[in-house]
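Everything on this sheet refers to the single structure shown next.
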Amino acid sequence: MTQESDLDSTVRMRIRSLRRARGWSLDNLAERAFLSPSTLSRIETGRRRIGLDQLTALARALGISLDQLVESADDEDVVIRPQRDEQRGLTTWVLNRGSGPAGATVAKMRITDEAGGPGADRLGVHPGKDWFTVLSGTVTLLLGERAIRVETGQAAEFSTMIPHAVKAHGGPAEILCILDHDGQRTHLHPSG
């Protein structure tokens with residue numbers, strides 16, 4: 001099966017599934033999309049090619065965008081792959097696509113480098129607040145002149161206007177963090 005026929009099949013399944021989810025018969029959707037019921041039936045079953053004008057009318061009738069109706073069905077929109085930064089001893093999974101509520105980014109981080117890699121003596125500062133919870137291991141939160149140990153099951157919230165960094169302590173650690181726009185830009189950029 002080709003990628004084109006896979007997408008074609010996915011679009012047909014979406015049309016049928018969205019119609020049924022709304023409790024509409026073929027006649028109901030056909031009327032809303034200005035198509036004949038027999039044309040809609042042939043579109044849904046694959047016995048008729050779908051024209052752009054029909055896709056546009058069906059998307060409008062279903063209350064969705066054309067992009068939503070024809071978006072690719074590959075796994076890139078589902079599977080979150082890690083981003084590794086060997087220099088910083090950091091692996092990151094950005095868990096939300098686009099901005100979350102209030103522009104927040106949710107990320108899981110695996111920190112393996114206790115020394116923090118190059119530039120570890122430089123603590124970052126940016127507007128806002130950071131929040132994280134330790135999923136496994138122990139981290140040291142460097143916050144100004146303080147070094148605060150945060151262990152599995154504990155969480156921390158702090159003003160990011162205080163110079164700060166998070167380092168692994170006693171072995172690899174994993175954290176789940178919520179970052180505002182400035183925190184995302186500061187903490188999730190690759191080294192170099």
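Every chain in the structure tokens takes a letter, A first, then B, and so on in the order presented; its residues are numbered from 1, and the ligands are numbered from 1 following the presented order.
Neighbours of region 38-41 of chain A closer than or equal to 8 Å, with only C-alpha atoms counted and sequence neighbours fewer than 6 positions away skipped, come out as Leu26, Ala30 and Arg48 of chain A.
Residue nearest Arg110 (chain A), chosen from A:Ala155, A:Ala33, A:Leu90, A:Leu142 and counting only C-alpha atoms: A:Leu90.
Within the 10 Å cut-off around Trp93 (chain A), using only C-alpha atoms and omitting residues fewer than 6 positions from it on the same chain, the listed residues are Ile80, Arg81, Pro82, Gln83, Arg84, Val106, Ala107, Lys108, Met109, Arg110, Leu176 and Leu188 of chain A.
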Can you write out the residues you just picked, keeping C-alpha atoms, as a PDB file, in the first residue's frame?
```pdb
ATOM      1  CA  ILE A  80       7.662  11.808  21.506  1.00  0.00           C
ATOM      2  CA  ARG A  81      11.288  11.080  20.815  1.00  0.00           C
ATOM      3  CA  PRO A  82      14.117  12.123  23.128  1.00  0.00           C
ATOM      4  CA  GLN A  83      16.533  14.897  22.304  1.00  0.00           C
ATOM      5  CA  ARG A  84      20.018  14.108  23.592  1.00  0.00           C
ATOM      6  CA  VAL A 106       6.011  20.372  29.999  1.00  0.00           C
ATOM      7  CA  ALA A 107       9.216  18.339  29.688  1.00  0.00           C
ATOM      8  CA  LYS A 108      10.767  15.237  31.165  1.00  0.00           C
ATOM      9  CA  MET A 109      14.536  15.447  31.597  1.00  0.00           C
ATOM     10  CA  ARG A 110      17.105  12.787  32.356  1.00  0.00           C
ATOM     11  CA  LEU A 176       9.340  16.447  35.157  1.00  0.00           C
ATOM     12  CA  LEU A 188      15.631  23.372  26.289  1.00  0.00           C
TER      13      LEU A 188
END
```
Write down as a PyMOL selection string the residues belonging to chain A that are assigned helix (DSSP H, G or I) by DSSP computed on the backbone. chain A and resi 3-21+26-32+37-45+52-62+66-70+75-77+101-103+181-187
Please provide the set of residues having any atom within 9 Å of Phe34 (chain A), restricted to only C-alpha atoms, with same-chain residues fewer than 5 positions apart removed, written as a list in words. Leu29, Gln54, Ala57, Leu58 and Ala61 of chain A
Would you put the residues from that selection into a file with C-alpha atoms, as an mmCIF file, in the first residue's frame?
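As written to disk, out-v1.cif reads:
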```cif
data_model
loop_
_atom_site.group_PDB
_atom_site.id
_atom_site.type_symbol
_atom_site.label_atom_id
_atom_site.label_comp_id
_atom_site.auth_asym_id
_atom_site.auth_seq_id
_atom_site.Cartn_x
_atom_site.Cartn_y
_atom_site.Cartn_z
ATOM 1 C CA LEU A 29 -23.961 14.825 6.216
ATOM 2 C CA GLN A 54 -15.702 17.671 -1.834
ATOM 3 C CA ALA A 57 -17.327 20.892 1.738
ATOM 4 C CA LEU A 58 -17.083 17.831 4.008
ATOM 5 C CA ALA A 61 -19.949 20.431 7.223
#
```
Every residue of chain A that DSSP places in strand (DSSP E or B), as a PyMOL selection string: chain A and resi 83-85+90-94+105-111+124+129-136+138-143+146-151+155-159+164-168+173-179
Writing out the chosen residues with N, CA and C atoms as a compact mmCIF listing (two decimals), in the first residue's frame:
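So again-v1.txt came out as:
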```txt
# COMPACT_ATOMS: atom_id res chain seq x y z
N GLN A 83 15.49 14.06 22.89
CA GLN A 83 16.53 14.90 22.30
C GLN A 83 17.71 14.81 23.25
N ARG A 84 18.84 14.31 22.74
CA ARG A 84 20.02 14.11 23.59
C ARG A 84 21.01 15.24 23.41
N ASP A 85 21.56 15.69 24.51
CA ASP A 85 22.62 16.70 24.51
C ASP A 85 23.76 16.13 25.34
N LEU A 90 22.31 15.59 29.23
CA LEU A 90 20.89 15.82 29.36
C LEU A 90 20.14 15.17 28.21
N THR A 91 19.06 14.46 28.54
CA THR A 91 18.13 13.95 27.54
C THR A 91 16.78 14.54 27.88
N THR A 92 16.10 15.08 26.86
CA THR A 92 14.85 15.79 27.09
C THR A 92 13.74 15.23 26.21
N TRP A 93 12.56 15.08 26.80
CA TRP A 93 11.33 14.73 26.09
C TRP A 93 10.38 15.90 26.28
N VAL A 94 10.08 16.67 25.25
CA VAL A 94 9.09 17.75 25.35
C VAL A 94 7.73 17.09 25.21
N THR A 105 5.46 24.93 28.85
CA THR A 105 6.00 23.73 28.22
C THR A 105 6.23 22.69 29.30
N VAL A 106 5.80 21.47 29.06
CA VAL A 106 6.01 20.37 30.00
C VAL A 106 7.09 19.47 29.40
N ALA A 107 8.12 19.16 30.19
CA ALA A 107 9.22 18.34 29.69
C ALA A 107 9.69 17.37 30.76
N LYS A 108 10.09 16.20 30.30
CA LYS A 108 10.77 15.24 31.17
C LYS A 108 12.24 15.33 30.81
N MET A 109 13.10 15.36 31.84
CA MET A 109 14.54 15.45 31.60
C MET A 109 15.25 14.36 32.37
N ARG A 110 16.21 13.75 31.71
CA ARG A 110 17.11 12.79 32.36
C ARG A 110 18.46 13.46 32.42
N ILE A 111 18.94 13.66 33.64
CA ILE A 111 20.20 14.36 33.86
C ILE A 111 21.22 13.31 34.29
N GLY A 124 21.95 30.08 35.23
CA GLY A 124 21.07 30.86 34.36
C GLY A 124 20.10 31.72 35.12
N LYS A 129 9.06 31.78 36.63
CA LYS A 129 9.23 30.75 37.65
C LYS A 129 9.43 29.42 36.95
N ASP A 130 10.17 28.53 37.60
CA ASP A 130 10.30 27.15 37.14
C ASP A 130 9.71 26.26 38.22
N TRP A 131 9.21 25.11 37.79
CA TRP A 131 8.67 24.11 38.70
C TRP A 131 9.14 22.77 38.20
N PHE A 132 9.56 21.89 39.11
CA PHE A 132 9.89 20.52 38.71
C PHE A 132 9.62 19.58 39.87
N THR A 133 9.42 18.30 39.51
CA THR A 133 9.33 17.23 40.49
C THR A 133 10.32 16.16 40.08
N VAL A 134 10.92 15.51 41.05
CA VAL A 134 11.92 14.49 40.77
C VAL A 134 11.21 13.14 40.66
N LEU A 135 11.33 12.53 39.48
CA LEU A 135 10.71 11.23 39.23
C LEU A 135 11.57 10.09 39.74
N SER A 136 12.89 10.23 39.59
CA SER A 136 13.81 9.21 40.09
C SER A 136 15.17 9.85 40.34
N THR A 138 18.20 11.74 42.61
CA THR A 138 18.28 12.96 43.42
C THR A 138 18.97 14.03 42.59
N VAL A 139 18.48 15.25 42.69
CA VAL A 139 19.13 16.37 42.01
C VAL A 139 19.55 17.41 43.03
N THR A 140 20.51 18.22 42.62
CA THR A 140 20.90 19.37 43.40
C THR A 140 20.44 20.60 42.65
N LEU A 141 19.61 21.39 43.29
CA LEU A 141 19.16 22.66 42.74
C LEU A 141 20.12 23.73 43.23
N LEU A 142 20.89 24.28 42.32
CA LEU A 142 21.78 25.39 42.65
C LEU A 142 20.95 26.65 42.49
N LEU A 143 20.75 27.35 43.59
CA LEU A 143 19.87 28.52 43.60
C LEU A 143 20.62 29.65 44.29
N ARG A 146 22.92 28.91 47.33
CA ARG A 146 22.46 27.69 47.99
C ARG A 146 22.54 26.48 47.06
N ALA A 147 22.78 25.32 47.65
CA ALA A 147 22.71 24.04 46.95
C ALA A 147 21.66 23.21 47.70
N ILE A 148 20.51 23.00 47.07
CA ILE A 148 19.37 22.35 47.71
C ILE A 148 19.18 20.97 47.09
N ARG A 149 19.21 19.94 47.93
CA ARG A 149 19.01 18.58 47.45
C ARG A 149 17.51 18.31 47.36
N VAL A 150 17.07 17.81 46.20
CA VAL A 150 15.67 17.47 45.98
C VAL A 150 15.64 16.00 45.56
N GLU A 151 14.91 15.17 46.31
CA GLU A 151 14.91 13.72 46.11
C GLU A 151 13.65 13.23 45.42
N ALA A 155 9.31 18.06 45.10
CA ALA A 155 9.17 19.04 44.03
C ALA A 155 9.79 20.36 44.48
N ALA A 156 10.04 21.22 43.51
CA ALA A 156 10.60 22.54 43.82
C ALA A 156 9.95 23.57 42.90
N GLU A 157 9.76 24.77 43.43
CA GLU A 157 9.28 25.92 42.66
C GLU A 157 10.13 27.09 43.09
N PHE A 158 10.59 27.88 42.14
CA PHE A 158 11.47 28.99 42.50
C PHE A 158 11.42 30.08 41.45
N SER A 159 11.78 31.27 41.86
CA SER A 159 11.88 32.40 40.95
C SER A 159 13.12 32.19 40.09
N HIS A 164 20.30 30.04 38.72
CA HIS A 164 19.93 28.67 39.04
C HIS A 164 20.42 27.67 38.02
N ALA A 165 20.51 26.41 38.46
CA ALA A 165 20.82 25.25 37.61
C ALA A 165 20.40 24.01 38.37
N VAL A 166 20.15 22.92 37.64
CA VAL A 166 19.79 21.65 38.25
C VAL A 166 20.82 20.62 37.79
N LYS A 167 21.42 19.90 38.75
CA LYS A 167 22.45 18.90 38.46
C LYS A 167 22.06 17.57 39.08
N ALA A 168 22.50 16.48 38.47
CA ALA A 168 22.29 15.16 39.06
C ALA A 168 23.16 15.04 40.31
N ALA A 173 19.37 11.14 37.23
CA ALA A 173 18.09 11.52 37.83
C ALA A 173 17.13 11.93 36.70
N GLU A 174 15.84 11.77 36.96
CA GLU A 174 14.83 12.19 36.01
C GLU A 174 13.89 13.16 36.69
N ILE A 175 13.57 14.25 35.99
CA ILE A 175 12.64 15.24 36.52
C ILE A 175 11.55 15.51 35.50
N LEU A 176 10.43 15.96 35.99
CA LEU A 176 9.34 16.45 35.16
C LEU A 176 9.22 17.93 35.47
N CYS A 177 9.32 18.77 34.45
CA CYS A 177 9.32 20.21 34.73
C CYS A 177 8.28 20.93 33.89
N ILE A 178 7.84 22.06 34.43
CA ILE A 178 6.94 22.96 33.72
C ILE A 178 7.69 24.27 33.58
N LEU A 179 7.81 24.74 32.34
CA LEU A 179 8.59 25.93 32.05
C LEU A 179 7.72 26.94 31.31
```
Compile the contact shell of Met13 (chain A) as a PDB file with N, CA and C atoms, in the first residue's frame: residues with an atom at most 10 Å away, counting only C-alpha atoms, same-chain residues fewer than 6 positions apart removed.
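Contents of the output file result.pdb:
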```pdb
ATOM      1  N   LEU A   7      -3.143   7.498   3.183  1.00  0.00           N
ATOM      2  CA  LEU A   7      -3.764   8.766   3.559  1.00  0.00           C
ATOM      3  C   LEU A   7      -5.200   8.813   3.064  1.00  0.00           C
ATOM      4  N   ARG A  19     -18.804  11.489  11.075  1.00  0.00           N
ATOM      5  CA  ARG A  19     -20.246  11.493  10.800  1.00  0.00           C
ATOM      6  C   ARG A  19     -20.989  10.671  11.846  1.00  0.00           C
ATOM      7  N   ILE A  43     -17.759   7.842  -1.560  1.00  0.00           N
ATOM      8  CA  ILE A  43     -16.536   8.450  -1.004  1.00  0.00           C
ATOM      9  C   ILE A  43     -16.094   7.667   0.232  1.00  0.00           C
ATOM     10  N   GLU A  44     -17.033   7.406   1.139  1.00  0.00           N
ATOM     11  CA  GLU A  44     -16.698   6.707   2.387  1.00  0.00           C
ATOM     12  C   GLU A  44     -16.207   5.283   2.137  1.00  0.00           C
ATOM     13  N   THR A  45     -16.737   4.625   1.131  1.00  0.00           N
ATOM     14  CA  THR A  45     -16.363   3.227   0.881  1.00  0.00           C
ATOM     15  C   THR A  45     -15.186   3.079  -0.075  1.00  0.00           C
ATOM     16  N   GLY A  46     -14.698   4.177  -0.641  1.00  0.00           N
ATOM     17  CA  GLY A  46     -13.539   4.108  -1.523  1.00  0.00           C
ATOM     18  C   GLY A  46     -13.879   3.793  -2.965  1.00  0.00           C
TER      19      GLY A  46
END
```
If you measure from CA of Asp113 (chain A) to CA of Thr152 (chain A), what distance in Å do you get, rounded to one decimal? 17.3 Å
